[in-house]
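Data first, discussion second: the structure below is written as structure tokens.
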Amino acid sequence: MPLTPVCAAHDTAVLRVTGGHRLTGRIPVQGSKNIALHLYAAALLADTPVRLTAAPDILDTQVCAQILSRTGAATTADIGRFTVTPATTVRPVIDADLGHRVRTTAVLAAAVLARAGQVVFPYPGGDAFCPRLIDRHLAAMQAAGARVTADTTGIHARAPHGLRPFTVDVATPYGPSLGATVTALLLAARTPGTSRITHPSVEPEVTETARFLAERGATVHADQDGLHVTGSDRIAGGTFAVAGDRIEAATMIMMAAATGGSITLDGISTADLPRGLTDVFAAAGLKVADGADGALRAHHHGLRAVQAATGPHPGVPTDTAPQLAALLTQARGTSLITERVYPRRDTHCAGLRALGADLTSRGPAIRVRGPVRLRAAQVAAGDIRAVTALLIAALAADFTSTIRGTFHLRRGYGHLLANLATLGADITLTTEAP
């Protein structure tokens, strides 16, 4: 299929959402956006073709396909399948324009460095709700033997004598770096000998990438000293399924709950949701359980205020915090959401207040008082989960709201509007003149 990702600066799409409709029904969950983006990079390590099934049909998938293609890989992305046939000789450049559009640029660069011995890449893009450093990624490259230089245009990493086994610490003041853990995994997987990653992230993005690599020739095991990776100069291809998207599942659960509805989700189970999140749902009065047919079902009989804090897996995922704030506008009492993965995450707050939320933000803490009767408004936000939070509030609000920033929705949710229509939402997508 043609790969033509839209740039946010040229996006003229507008969502018109008429709230007040109870969302109820059954829909499938897509393959995980965040897991897939890391697997796309891991596929570059293989010497024979890799086929990823259940790949999410999102803009970020298209961008990554173009990035891989420009390294010389033969790449196709179509109807849930992402196929990569890596080039014998890898072009050691991450396209600057495309690299600015996704968050996993440094991870993709690590895969190229592991294959080609050098790489030039831009600073990452993607969501910019707060400063997100890549120093741990660069530390992993340096530990593996690369000389790294940086300027205002980007970064050049070069390992003239090849990569060597290494030890690197991926801890940050806010916990283990998920992305840097994967960067280190990819470097170690193509380096003969055993490398060690201390204080690694244990998010599903990491464990699924590790499983992918282990099935293809690398040896990966964890103990109290970290992740130990014994690499190989040859990585096999093959087929691998992308796990269900726990963030999309949580989002759809909260959309239904905010409107007083109920939902059944195929392609995911309660075991796929982090324990911290299911505990918060239970405290808020949301019942989430697996049905006899394997589908996940969620409903409630009244929402209650909660105190929640984001954190590393299996805690509350930071990517669900904005949506949770929107949901809690409909809960009885005063809720507190504390961000502990990033310095702060509050780009959704102004839009929620415009929609009538009684909400305050101070540093990492967001306080939400409810229930409130939300009202229609014209709102916009600049990252995936912030726009999704505004959509949840608009679905629960009176009358018709206008939401700009739908480019970001398409970056993360492949069939969101169709799924919402199935559940009974009144949403139209229009295009305004630029």
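Note on naming: chains are A, B, ... as they come in the structure tokens, residues start from 1 per chain, ligands start from 1 in the order shown.
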
Legend entry - DSSP-assigned alpha helix (DSSP H) members of segment 279-375 of chain A, reported as a PyMOL selection string: chain A and resi 279-283+321-328+349-354

Inset, instruction - Fewer than 4 positions away in the same chain doesn't count, so skip those; otherwise give me all residues within 9 Å of segment 69-82 of chain A, counting only C-alpha atoms, as a PyMOL selection string. - result: chain A and resi 1-3+30-31+40+44+50-57+61-62+64-65+86-95+112

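One finds atom CA of Pro322 of chain A at 14.5 Å from atom CA of Arg362 of chain A.
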
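Counting only C-alpha atoms, the residue from A:Ala189, A:Ala350, A:Val341, A:Ala171 that sits nearest to Gly226 of chain A is A:Ala171.
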
Inset, instruction - Identify, on the basis of only C-alpha atoms, every residue whose closest approach to Thr422 of chain A does not exceed 9 Å; exclude the query and any residue fewer than 2 positions from it along the same chain; express the result as a ChimeraX atom specification. - result: /A:23-27,417-420,424-425

Inset, instruction - Any chance you could list, as a ChimeraX atom specification, the residues in segment 156-345 of chain A that come up strand (DSSP E or B) when DSSP is run on the backbone? - result: /A:156-158,167-169,171-172,175-176,192-198,219-223,226-231,238-241,244,262-266,286-290,296-300,304,307-310,316,332-338

Can you tell me, as a PDB file with C-alpha atoms, in the first residue's frame, what residues are no more than 10 Å from Ala222 of chain A when counting only C-alpha atoms, ignoring any on the same chain fewer than 5 positions away?
```
ATOM      1  CA  ARG A 196      24.438  -6.495  30.915  1.00  0.00           C
ATOM      2  CA  ILE A 197      21.703  -3.876  31.293  1.00  0.00           C
ATOM      3  CA  THR A 198      21.301  -2.692  34.878  1.00  0.00           C
ATOM      4  CA  PRO A 200      16.153  -2.261  33.162  1.00  0.00           C
ATOM      5  CA  VAL A 202      10.175  -4.385  32.637  1.00  0.00           C
ATOM      6  CA  LEU A 227      19.223  -8.163  31.936  1.00  0.00           C
ATOM      7  CA  HIS A 228      21.956 -10.369  30.515  1.00  0.00           C
ATOM      8  CA  VAL A 229      22.060 -10.585  26.723  1.00  0.00           C
TER       9      VAL A 229
END
```

Legend entry - Ala109 of chain A environment, 10 Å, only C-alpha atoms, sequence neighbours closer than 6 positions dropped, as JSON, numbers by chain: {"A": [41, 92, 93, 94, 99, 115, 118, 119, 120, 121, 122, 137, 141, 155, 156, 157, 183, 186, 187]}
